[in-house]
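Chemist: Got target.txt for you, compact mmCIF, C-alpha atoms:
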# COMPACT_ATOMS: atom_id res chain seq x y z
CA ILE A 1 0.00 0.00 0.00
CA GLY A 2 2.94 2.27 -0.57
CA LEU A 3 4.30 2.51 3.01
CA THR A 4 7.92 1.78 3.98
CA TRP A 5 9.83 1.03 7.15
CA ALA A 6 11.23 4.54 6.90
CA THR A 7 7.98 5.82 8.42
CA GLY A 8 9.15 4.46 11.76
CA LEU A 9 5.81 2.80 12.57
CA PRO A 10 5.75 0.11 15.26
CA GLN A 11 6.01 -3.44 13.98
CA ALA A 12 2.52 -4.16 15.28
CA VAL A 13 1.11 -1.72 12.73
CA TRP A 14 2.60 -3.76 9.93
CA TRP A 15 1.06 -6.94 11.23
CA PHE A 16 -2.33 -5.27 10.80
CA LEU A 17 -1.69 -4.02 7.27
CA VAL A 18 -1.85 -5.87 3.96
CA LYS A 19 1.57 -7.23 2.98
CA THR A 20 2.95 -8.44 -0.32
CA ASP A 21 2.63 -12.10 -1.29
CA ALA A 22 6.32 -12.61 -0.58
CA VAL A 23 6.00 -11.84 3.14
CA ARG A 24 2.39 -12.76 3.82
CA GLY A 25 1.80 -15.11 6.76
CA ASP A 26 -0.35 -18.22 6.81
CA GLY A 27 -3.30 -16.29 8.23
CA THR A 28 -3.71 -18.29 11.42
CA ASP A 29 -0.91 -17.18 13.72
CA ALA A 30 -1.72 -15.46 17.00
CA HIS A 31 0.22 -12.28 17.56
CA PRO A 32 0.43 -10.01 20.60
CA VAL A 33 0.01 -6.37 19.69
CA ASP A 34 2.92 -4.15 20.68
CA ASP A 35 2.14 -2.41 24.02
CA SER A 36 3.15 1.03 22.78
CA PHE A 37 0.92 0.61 19.77
CA LYS A 38 -2.05 -0.48 21.90
CA LYS A 39 -1.58 2.55 24.08
CA ALA A 40 -1.37 4.83 21.04
CA ILE A 41 -4.69 3.59 19.67
CA GLY A 42 -6.40 3.55 23.06
CA LEU A 43 -6.73 -0.21 23.74
CA PRO A 44 -5.83 -1.95 27.05
CA ASP A 45 -2.77 -4.17 27.46
CA SER A 46 -4.86 -7.35 27.44
CA THR A 47 -5.88 -6.79 23.81
CA LYS A 48 -4.43 -9.26 21.33
CA ALA A 49 -4.83 -9.95 17.63
CA THR A 50 -5.50 -13.67 17.25
CA LYS A 51 -5.96 -14.31 13.55
CA ARG A 52 -5.32 -12.59 10.26
CA GLU A 53 -6.39 -13.44 6.74
CA ASP A 54 -5.57 -11.74 3.46
CA ARG A 55 -8.16 -11.89 0.70
CA ASP A 56 -9.33 -9.64 -2.10
CA GLY A 57 -6.59 -7.12 -1.34
CA GLU A 58 -7.70 -6.63 2.25
CA ARG A 59 -6.39 -7.81 5.61
CA HIS A 60 -8.96 -9.25 8.03
CA VAL A 61 -7.74 -9.16 11.63
CA GLU A 62 -9.57 -10.78 14.54
CA VAL A 63 -9.02 -9.01 17.85
CA GLU A 64 -9.78 -10.30 21.36
CA HIS A 65 -10.41 -7.52 23.89
CA GLU A 66 -11.76 -8.73 27.22
CA ASP A 67 -11.16 -5.33 28.84
CA ALA A 68 -12.43 -3.17 25.99
CA THR A 69 -15.83 -2.66 24.36
CA HIS A 70 -16.83 -2.74 20.72
CA ASP A 71 -17.01 1.06 20.81
CA ASP A 72 -13.39 1.20 22.04
CA VAL A 73 -12.24 -0.88 19.07
CA LYS A 74 -14.31 1.18 16.62
CA LYS A 75 -12.52 4.31 17.85
CA ALA A 76 -9.17 2.52 17.59
CA ALA A 77 -9.85 1.81 13.90
CA GLY A 78 -9.64 5.52 13.10
CA LYS A 79 -6.41 5.84 15.06
CA ILE A 80 -4.88 2.96 13.10
CA GLU A 81 -5.62 4.91 9.91
CA ALA A 82 -3.85 7.95 11.30
CA LYS A 83 -0.83 5.95 12.51
CA ALA A 84 -0.48 4.12 9.19
CA HIS A 85 -1.21 7.19 7.03
CA LEU A 86 -4.16 5.45 5.40
CA PRO A 87 -7.10 7.30 3.80
CA VAL A 88 -10.05 7.88 6.10
CA GLY A 89 -12.42 4.92 5.83
CA SER A 90 -9.70 2.37 5.02
CA VAL A 91 -10.20 0.50 8.31
CA ARG A 92 -13.65 -0.96 8.91
CA TRP A 93 -15.04 -2.61 12.02
CA GLU A 94 -17.24 -5.70 12.21
CA PRO A 95 -18.38 -7.77 15.18
CA LEU A 96 -16.52 -11.05 15.60
CA VAL A 97 -19.00 -13.87 15.04
CA LYS A 98 -18.54 -17.33 16.48
CA ALA A 99 -21.12 -20.12 16.28
CA GLY A 100 -23.48 -17.68 14.61
CA GLN A 101 -23.36 -15.16 17.46
CA ALA A 102 -21.53 -11.86 17.80
CA ILE A 103 -19.30 -11.92 20.89
CA ALA A 104 -18.85 -8.89 23.13
CA SER A 105 -15.12 -9.47 23.67
CA GLY A 106 -14.20 -9.85 20.00
CA SER A 107 -14.01 -7.65 16.92
CA LYS A 108 -12.83 -7.87 13.34
CA LEU A 109 -10.88 -5.06 11.70
CA ILE A 110 -10.72 -4.99 7.90
CA ILE A 111 -7.92 -2.91 6.39
CA SER A 112 -8.18 -1.99 2.70
CA ARG A 113 -5.67 -0.83 0.15
CA GLY A 114 -5.99 2.90 -0.28
CA ASP A 115 -5.97 2.85 -4.09
CA ARG A 116 -8.50 0.09 -4.83
CA LEU A 117 -11.09 2.61 -6.11
CA ALA A 118 -8.67 5.03 -7.78
CA ASP A 119 -10.19 4.30 -11.20
CA VAL A 120 -13.20 2.05 -11.69
CA GLY A 121 -13.54 2.95 -15.35
CA THR A 122 -16.51 3.87 -17.50
CA TRP A 123 -19.96 2.35 -17.25
CA PRO A 124 -19.81 -0.69 -19.54
CA GLY A 125 -23.50 -0.70 -20.38
CA PRO A 126 -26.60 -2.40 -18.98
CA ASP A 127 -26.16 -5.15 -16.41
CA GLN A 128 -28.07 -8.32 -17.42
CA PRO A 129 -30.26 -6.71 -20.11
CA GLU A 130 -33.62 -8.37 -20.74
CA ALA A 131 -33.50 -10.06 -17.33
CA GLY A 132 -36.21 -9.42 -14.76
CA ILE A 133 -36.08 -6.19 -12.76
CA GLU A 134 -35.94 -8.28 -9.56
CA LEU A 135 -32.33 -9.34 -10.27
CA PRO A 136 -29.54 -7.19 -8.74
CA VAL A 137 -28.43 -4.07 -10.59
CA ARG A 138 -24.69 -3.44 -10.45
CA THR A 139 -24.10 0.13 -9.25
CA GLY A 140 -20.28 0.25 -9.22
CA TRP A 141 -17.42 -1.32 -7.30
CA ALA A 142 -16.59 -1.69 -3.62
CA GLN A 143 -13.29 -1.31 -1.76
CA ASP A 144 -13.07 -5.09 -1.29
CA GLY A 145 -12.91 -5.58 -5.07
CA LYS A 146 -16.45 -6.93 -5.37
CA PRO A 147 -19.28 -5.40 -7.41
CA SER A 148 -21.71 -3.17 -5.57
CA SER A 149 -25.19 -4.53 -6.35
CA TRP A 150 -28.62 -3.18 -5.49
CA VAL A 151 -31.84 -5.22 -5.47
CA LEU A 152 -34.52 -2.68 -6.35
CA THR A 153 -37.62 -4.83 -5.95
CA PRO A 154 -39.04 -7.48 -3.68
CA THR A 155 -38.50 -11.11 -4.64
CA ASP A 156 -40.24 -14.27 -3.53
CA ASP A 157 -38.14 -14.44 -0.34
CA PHE A 158 -36.96 -10.82 0.01
CA VAL A 159 -39.28 -8.01 1.11
CA GLY A 160 -37.08 -5.10 0.01
CA ALA A 161 -37.48 -1.41 0.84
CA PRO A 162 -40.05 1.14 -0.39
CA ALA A 163 -37.61 4.03 -0.81
CA LEU A 164 -33.97 5.08 -0.98
CA LYS A 165 -32.47 8.48 -0.24
CA SER A 166 -29.43 9.56 -2.26
CA VAL A 167 -27.46 12.38 -0.62
CA GLY A 168 -24.38 14.27 -1.75
CA THR A 169 -23.01 17.69 -2.62
CA SER A 170 -23.02 19.12 -6.12
CA GLY A 171 -20.32 17.43 -8.19
CA ALA A 172 -20.31 14.25 -6.09
CA ALA A 173 -21.73 12.21 -9.05
CA LYS A 174 -25.24 11.43 -7.81
CA THR A 175 -26.39 11.97 -11.39
CA ALA A 176 -23.81 9.50 -12.71
CA PHE A 177 -25.20 6.87 -10.34
CA GLN A 178 -28.72 7.73 -11.43
CA ARG A 179 -27.94 7.48 -15.14
CA ASN A 180 -26.14 4.17 -14.73
CA VAL A 181 -28.96 2.60 -12.69
CA LEU A 182 -31.68 3.85 -15.05
CA GLY A 183 -29.56 2.75 -18.02
CA THR A 184 -29.83 -0.79 -16.72
CA ALA A 185 -33.42 -0.56 -15.50
CA VAL A 186 -34.73 0.44 -18.94
CA THR A 187 -33.42 -2.83 -20.39
CA ARG A 188 -35.05 -5.02 -17.74
CA ALA A 189 -38.42 -6.71 -17.98
CA GLY A 190 -41.31 -5.85 -15.69
CA VAL A 191 -40.63 -2.21 -14.75
CA VAL A 192 -42.16 1.19 -15.55
CA LEU A 193 -40.18 4.38 -14.87
CA TRP A 194 -41.42 7.78 -13.68
CA GLY A 195 -39.21 10.78 -12.91
CA ALA A 196 -39.26 14.38 -11.72
CA ASP A 197 -36.52 17.01 -11.53
CA THR A 198 -37.33 20.67 -10.89
CA ARG A 199 -33.72 21.90 -11.07
CA LYS A 200 -31.35 20.13 -13.46
CA ALA A 201 -33.36 17.91 -15.74
CA GLY A 202 -31.10 18.79 -18.66
CA GLN A 203 -28.20 16.88 -17.11
CA TRP A 204 -29.83 13.48 -17.37
CA VAL A 205 -33.31 13.48 -18.88
CA PRO A 206 -32.22 13.75 -22.56
CA PHE A 207 -30.34 10.47 -22.20
CA VAL A 208 -33.23 8.45 -20.75
CA ARG A 209 -36.38 10.41 -21.66
CA PRO A 210 -37.67 7.89 -24.25
CA ALA A 211 -37.66 5.23 -21.52
CA LEU A 212 -39.61 7.30 -18.96
CA ASP A 213 -43.33 6.64 -18.94
CA TRP A 214 -43.88 9.98 -17.16
CA PHE A 215 -41.57 12.91 -16.44
CA GLU A 216 -42.14 16.32 -14.85
CA ASP A 217 -39.76 19.26 -14.52
CA ASP A 218 -41.75 21.68 -12.34
CA LEU A 219 -43.33 21.59 -8.90
CA ARG A 220 -46.90 21.58 -10.19
CA GLY A 221 -46.20 18.57 -12.38
CA ALA A 222 -44.38 16.76 -9.59
CA ARG A 223 -47.38 17.32 -7.33
CA ALA A 224 -49.65 15.85 -9.99
CA MET A 225 -47.36 12.83 -10.24
CA LEU A 226 -47.45 12.19 -6.50
CA ASP A 227 -51.23 12.68 -6.48
CA ALA A 228 -51.48 10.03 -9.17
CA LEU A 229 -49.13 7.79 -7.21
CA ALA A 230 -51.39 8.05 -4.16
CA ALA A 231 -54.45 7.31 -6.29
CA ILE A 232 -53.10 4.14 -7.91
CA VAL A 233 -51.72 2.55 -4.71
CA PRO A 234 -55.04 1.02 -3.55
CA GLU A 235 -55.87 -0.08 -7.09
CA ARG A 236 -52.48 -1.75 -7.59
CA THR A 237 -52.53 -3.34 -4.14
CA GLN A 238 -55.97 -4.84 -4.75
CA ALA A 239 -54.99 -6.04 -8.21
CA ILE A 240 -51.86 -7.73 -6.84
CA THR A 241 -53.82 -9.42 -4.03
CA ASP A 242 -56.56 -10.59 -6.40
CA ALA A 243 -54.06 -11.94 -8.93
CA THR A 244 -51.47 -13.55 -6.67
CA GLY A 245 -53.13 -14.01 -3.30
CA LEU A 246 -50.24 -12.07 -1.72
CA ASP A 247 -50.18 -8.74 0.09
CA ARG A 248 -47.20 -7.39 -1.86
CA TRP A 249 -45.66 -7.33 -5.33
CA THR A 250 -43.40 -10.23 -6.30
CA PRO A 251 -41.92 -11.11 -9.71
CA THR A 252 -44.92 -13.39 -10.28
CA ALA A 253 -47.13 -10.30 -10.47
CA TRP A 254 -45.30 -9.44 -13.69
CA THR A 255 -44.42 -12.81 -15.18
CA GLU A 256 -47.90 -14.30 -14.75
CA HIS A 257 -50.23 -11.30 -14.45
CA ARG A 258 -48.37 -8.45 -16.27
CA ILE A 259 -48.45 -6.05 -13.32
CA PRO A 260 -45.12 -4.19 -13.62
CA PHE A 261 -43.02 -2.75 -10.83
CA LEU A 262 -43.00 1.08 -10.72
CA LEU A 263 -39.71 2.93 -10.05
CA VAL A 264 -40.08 6.67 -9.34
CA TRP A 265 -36.96 8.88 -9.28
CA LEU A 266 -37.31 12.30 -7.64
CA ALA A 267 -34.03 14.03 -8.53
CA GLU A 268 -32.92 17.12 -6.56
CA ALA A 269 -36.04 16.67 -4.46
CA ALA A 270 -35.48 19.45 -1.88
CA PRO A 271 -38.05 21.78 -3.54
CA LEU A 272 -40.62 18.98 -3.27
CA MET A 273 -40.15 18.23 0.39
CA ALA A 274 -41.87 21.16 2.10
CA PRO A 275 -45.15 21.24 0.12
CA LEU A 276 -45.34 17.49 -0.40
CA GLU A 277 -43.97 16.08 2.85
CA ASP A 278 -47.29 14.75 4.15
CA GLU A 279 -48.06 13.03 0.86
CA LEU A 280 -44.61 11.46 0.82
CA LYS A 281 -44.90 10.27 4.42
CA ARG A 282 -48.25 8.65 3.75
CA GLY A 283 -46.98 7.06 0.58
CA VAL A 284 -43.78 5.48 1.85
CA GLU A 285 -45.79 3.29 4.22
CA VAL A 286 -47.76 1.64 1.41
CA TRP A 287 -45.61 1.85 -1.71
CA LEU A 288 -43.92 -1.52 -1.27
CA SER A 289 -47.17 -3.47 -1.06
CA ALA A 290 -48.23 -1.83 -4.33
CA GLY A 291 -45.00 -2.68 -6.16
CA ILE A 292 -43.57 0.86 -6.02
CA LYS A 293 -40.13 2.16 -5.07
CA VAL A 294 -39.25 5.85 -4.81
CA VAL A 295 -35.73 7.33 -4.91
CA VAL A 296 -35.45 10.71 -3.17
CA GLU A 297 -32.30 12.59 -4.22
CA LEU A 298 -30.98 15.52 -2.15
CA GLN A 299 -27.83 17.60 -1.97
CA ARG A 300 -28.19 17.68 1.79
CA ALA A 301 -30.51 15.74 4.09
CA SER A 302 -30.87 18.04 7.06
CA GLU A 303 -33.51 18.90 9.63
CA SER A 304 -34.31 22.00 7.59
CA ASN A 305 -35.33 20.16 4.41
CA VAL A 306 -36.33 16.62 5.43
CA ASP A 307 -38.70 15.76 8.27
CA THR A 308 -37.19 13.35 10.81
CA ASP A 309 -40.17 11.00 10.57
CA PHE A 310 -39.78 10.79 6.79
CA ARG A 311 -36.02 10.19 7.00
CA ASN A 312 -36.61 7.33 9.42
CA LEU A 313 -39.16 5.77 7.06
CA ILE A 314 -36.54 5.47 4.28
CA PRO A 315 -34.57 2.33 5.11
CA GLU A 316 -32.03 2.56 2.27
CA SER A 317 -29.41 5.26 1.68
CA MET A 318 -26.69 6.31 -0.71
CA CYS A 319 -24.26 8.85 0.71
CA PHE A 320 -21.79 10.55 -1.62
CA ARG A 321 -19.48 13.39 -0.58
CA VAL A 322 -20.94 15.65 2.12
CA GLY A 323 -19.54 18.91 3.38
CA VAL A 324 -19.41 18.22 7.12
CA PRO A 325 -19.81 15.13 9.34
CA VAL A 326 -23.20 16.22 10.68
CA ASP A 327 -24.66 15.95 7.18
CA ALA A 328 -23.66 12.29 7.09
CA THR A 329 -25.69 11.61 10.24
CA MET A 330 -28.80 12.61 8.30
CA ALA A 331 -28.08 10.03 5.59
CA LEU A 332 -26.27 7.08 7.20
CA GLU A 333 -27.09 5.07 10.28
CA GLU A 334 -25.06 5.55 13.44
CA ASP A 335 -23.67 2.01 13.24
CA THR A 336 -22.40 2.64 9.71
CA LEU A 337 -20.56 5.79 10.79
CA GLU A 338 -19.14 4.13 13.90
CA ALA A 339 -17.85 1.27 11.74
CA GLY A 340 -15.68 3.72 9.78
CA ALA A 341 -17.80 5.39 7.07
CA ALA A 342 -16.57 8.95 6.46
CA PRO A 343 -18.21 10.53 3.39
CA TRP A 344 -16.96 14.01 4.35
CA SER A 345 -13.43 12.77 3.55
CA PHE A 346 -14.20 12.29 -0.15
CA SER A 347 -12.68 14.83 -2.50
CA LEU A 348 -14.41 16.48 -5.45
CA GLU A 349 -11.47 15.13 -7.45
CA GLU A 350 -12.81 11.59 -6.87
CA PRO A 351 -16.48 11.80 -7.97
CA GLY A 352 -18.61 8.74 -7.53
CA MET A 353 -17.20 7.71 -4.14
CA HIS A 354 -19.99 6.78 -1.75
CA TYR A 355 -21.37 4.47 0.91
CA ALA A 356 -24.52 2.42 0.37
CA GLU A 357 -27.00 1.01 2.85
CA TYR A 358 -28.78 -1.55 0.70
CA VAL A 359 -31.15 -3.83 2.60
CA ASN A 360 -30.15 -6.72 0.31
CA GLU A 361 -26.63 -6.65 1.80
CA PRO A 362 -25.38 -7.45 5.32
CA ARG A 363 -25.28 -4.38 7.55
CA THR A 364 -21.59 -5.09 8.19
CA ARG A 365 -20.93 -4.20 4.53
CA TRP A 366 -22.58 -0.78 4.73
CA ALA A 367 -19.36 0.93 5.87
CA THR A 368 -17.45 -0.34 2.82
CA LYS A 369 -16.36 2.44 0.44
CA ARG A 370 -17.75 2.22 -3.07
CA ARG A 371 -17.50 4.08 -6.34
CA THR A 372 -19.88 4.32 -9.26
CA GLU A 373 -18.41 4.28 -12.76
CA ARG A 374 -18.21 7.29 -15.04
CA PRO A 375 -21.36 7.46 -17.20
CA ASP A 376 -21.13 6.77 -20.92
CA PRO A 377 -23.71 8.94 -22.75
CA LEU A 378 -23.35 6.92 -25.96
CA ALA A 379 -24.00 3.65 -24.10
CA LEU A 380 -27.10 5.22 -22.55
CA LEU A 381 -28.40 6.41 -25.89
CA ARG A 382 -27.93 2.95 -27.38
What is this structure when it is put down as structure tokens?

Modeler:
Amino acid sequence: IGLTWATGLPQAVWWFLVKTDAVRGDGTDAHPVDDSFKKAIGLPDSTKATKREDRDGERHVEVEHEDATHDDVKKAAGKIEAKAHLPVGSVRWEPLVKAGQAIASGSKLIISRGDRLADVGTWPGPDQPEAGIELPVRTGWAQDGKPSSWVLTPTDDFVGAPALKSVGTSGAAKTAFQRNVLGTAVTRAGVVLWGADTRKAGQWVPFVRPALDWFEDDLRGARAMLDALAAIVPERTQAITDATGLDRWTPTAWTEHRIPFLLVWLAEAAPLMAPLEDELKRGVEVWLSAGIKVVVELQRASESNVDTDFRNLIPESMCFRVGVPVDATMALEEDTLEAGAAPWSFSLEEPGMHYAEYVNEPRTRWATKRRTERPDPLALLR
């Protein structure tokens, strides 16, 4: 990861960090952590690292800490980054699980290479075109080298989420994410797309407009869209129940009864929030049963532009670069931030960097850094 012994770091630091293949251990050796290092990162003398494993360019370290709490180890993760001169967010925390149970005296620290997401390339085109909309949509790449995938709809054994909030400053590449997701969604079977953008429709609508069943670019039109959404919910819910015998949309509603899933994208939604908040709050409670998902995109999710009750009703989040840490608390869950997520550390020179809280993924993965690919307008137009 570009560090040398000349930095003068304690040897214990190096045991934590990813090494080259030539000096990598067997992954099973216990190793006491240097006392001076433990003191520097705020852990008691009884702490010891018991196992390490290198995979996918990351080092997984199991730590036993009888005299320290999970919160103590979470705080130590940030101090390891500082000591090793790693980018913020390179060290993630997870509970140590044994026999299917998280143990109070154990943690896992995952240390990533700082340059894994330096360049994830250009969007290669639709992911699994002509497949059903219920299959995962690839939204970029994660720090662990694996694709970042989002399941937009319910499946037979997965309930899903009725809404997602996408938060990030101007220039953070929320629109790139949006164009890439919609570029895949339009090629999938069983989905209808609606959209509204009262501020910057010109940045993305020309590329996907033919695929949108309904689009509005002013507040009056957006209100009409949400009124229509409220009106069709009971009709869709009843139709789904009558056709399938279920109380929610599943892929069978489309494959056997031709009731499509409805994806609604409210880009730059801050102007919509104040006049339409009550309608949105009522809707988010029933959208999922009617086969509807709504994406609410904001530059900043704060108490001044998003009601707390509404924020809490949105179980999924995307958080791109934010200006200050407090903005992240409006978008990401406390556990995600405590595990090492730091979206305020992203630079405008690295657009597309983000964290994602997808309900189709384990919560322990939510603090993993991700990056969406650069959009390809020609691929979208094709």

Chemist: Restricting the calculation to all atoms listed in the file: of A:Leu272, A:Thr153, A:Pro44, A:Gly171, which residue gets closest to Val322 of chain A?

Modeler: A:Gly171

Chemist: Counting only C-alpha atoms, which of A:Ala49, A:Asp278, A:Pro95, A:Ala339 gets nearest to Ala77 of chain A?

Modeler: A:Ala339

Chemist: Could you state the separation of atom CA of Val294 of chain A and atom CA of Arg179 of chain A in Å, given to one decimal place?

Modeler: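 Atom-to-atom, atom CA of Val294 of chain A and atom CA of Arg179 of chain A are spaced 15.4 Å apart.
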
Chemist: Contacts between segment 360-371 of chain A and segment 256-332 of chain A, please, where a residue of segment 256-332 of chain A counts if it comes within 12 Å (with only C-alpha atoms); show its shortest atom pair and distance in Å to one decimal, rows by chain and ascending number, as a Markdown table.

Modeler:
| residue | atom | partner | partner_atom | distance |
| --- | --- | --- | --- | --- |
| A:Pro315 | CA | A:Asn360 | CA | 11.2 |
| A:Glu316 | CA | A:Asn360 | CA | 9.7 |
| A:Ser317 | CA | A:Trp366 | CA | 9.6 |
| A:Met318 | CA | A:Trp366 | CA | 9.8 |
| A:Cys319 | CA | A:Arg370 | CA | 10.0 |
| A:Phe320 | CA | A:Arg371 | CA | 9.1 |
| A:Arg321 | CA | A:Arg371 | CA | 11.1 |
| A:Leu332 | CA | A:Trp366 | CA | 9.0 |

Chemist: Env of Trp123 of chain A: 10 Å cut, atoms = only C-alpha atoms, seq-sep filter 3 positions within chain, self excluded. Answer as a list in words.

Modeler: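 So the residues in contact are Val120, Pro126, Asp127, Thr139, Gly140, Ala176, Phe177, Arg179, Asn180, Gly183, Thr372, Glu373, Arg374, Pro375, Asp376, Pro377, Ala379 and Leu380 of chain A.
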
Chemist: For Thr237 of chain A, which of A:Pro251, A:Gly145, A:Pro210, A:Gly291 is the closest residue, counting only C-alpha atoms?

Modeler: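 Nearest to Thr237 of chain A: A:Gly291.
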
Chemist: Just the residues within 12 Å of Ala76 of chain A, please, counting all atoms listed in the file, with nothing from its chain fewer than 2 positions along; format it as a VMD selection string.

Modeler: chain A and resid 37 to 44 47 63 65 68 to 74 78 to 83 91 to 93 107 to 109 338 to 340

Chemist: With the cut-off set at 10 Å and counting only C-alpha atoms, tabulate each residue of segment 91-208 of chain A with an atom at most that distance from an atom of segment 257-266 of chain A, showing the nearest atom pair and its distance in Å to one decimal, ordered by chain and increasing number, as a Markdown table.

Modeler:
| residue | atom | partner | partner_atom | distance |
| --- | --- | --- | --- | --- |
| A:Ile133 | CA | A:Phe261 | CA | 8.0 |
| A:Glu134 | CA | A:Phe261 | CA | 9.1 |
| A:Leu152 | CA | A:Leu263 | CA | 8.5 |
| A:Thr153 | CA | A:Phe261 | CA | 7.6 |
| A:Pro154 | CA | A:Phe261 | CA | 9.5 |
| A:Pro162 | CA | A:Leu263 | CA | 9.8 |
| A:Ala163 | CA | A:Val264 | CA | 9.3 |
| A:Leu164 | CA | A:Trp265 | CA | 9.6 |
| A:Lys165 | CA | A:Leu266 | CA | 9.6 |
| A:Ser166 | CA | A:Leu266 | CA | 9.9 |
| A:Gln178 | CA | A:Trp265 | CA | 8.6 |
| A:Leu182 | CA | A:Trp265 | CA | 9.3 |
| A:Ala185 | CA | A:Leu263 | CA | 9.0 |
| A:Ala189 | CA | A:Pro260 | CA | 8.4 |
| A:Gly190 | CA | A:Pro260 | CA | 4.6 |
| A:Val191 | CA | A:Phe261 | CA | 4.6 |
| A:Val192 | CA | A:Leu262 | CA | 4.9 |
| A:Leu193 | CA | A:Leu263 | CA | 5.1 |
| A:Trp194 | CA | A:Val264 | CA | 4.7 |
| A:Gly195 | CA | A:Trp265 | CA | 4.7 |
| A:Ala196 | CA | A:Leu266 | CA | 5.0 |
| A:Asp197 | CA | A:Leu266 | CA | 6.2 |
| A:Thr198 | CA | A:Leu266 | CA | 9.0 |

Chemist: Which residue gives the smallest distance to Glu64 of chain A among A:Val296, A:Val186, A:Leu96, A:Ala356, with only C-alpha atoms counted?

Modeler: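 Of all the options, A:Leu96 lies closest to Glu64 of chain A.
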
Chemist: Which is closest to Phe215 of chain A among A:Glu256, A:Asp45, A:Gly121, A:Ala267, if we use only C-alpha atoms?

Modeler: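 When distances to Phe215 of chain A are compared using only C-alpha atoms, the smallest one comes from A:Ala267.
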
Chemist: Hey, which of A:Val181, A:Ala269, A:Ala290, A:Ala328 ends up closest to Asp218 of chain A? Count all atoms listed in the file.

Modeler: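 Result for the nearest residue to Asp218 of chain A: A:Ala269.
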
Chemist: Taking 5 positions as the minimum chain separation for residues in the same chain, which residues sit within 9 Å of Glu279 of chain A when counting all atoms listed in the file? Answer as number ranges by chain.

Modeler: A: 226-227, 230, 284

Chemist: Residues of the last selection are to be written out with C-alpha atoms, as a JSON list (two decimals), keeping the file's coordinate frame.

Modeler:
[["chain", "number", "residue", "atom", "x", "y", "z"],
["A", 226, "LEU", "CA", -47.45, 12.19, -6.50],
["A", 227, "ASP", "CA", -51.23, 12.68, -6.48],
["A", 230, "ALA", "CA", -51.39, 8.05, -4.16],
["A", 284, "VAL", "CA", -43.78, 5.48, 1.85]]
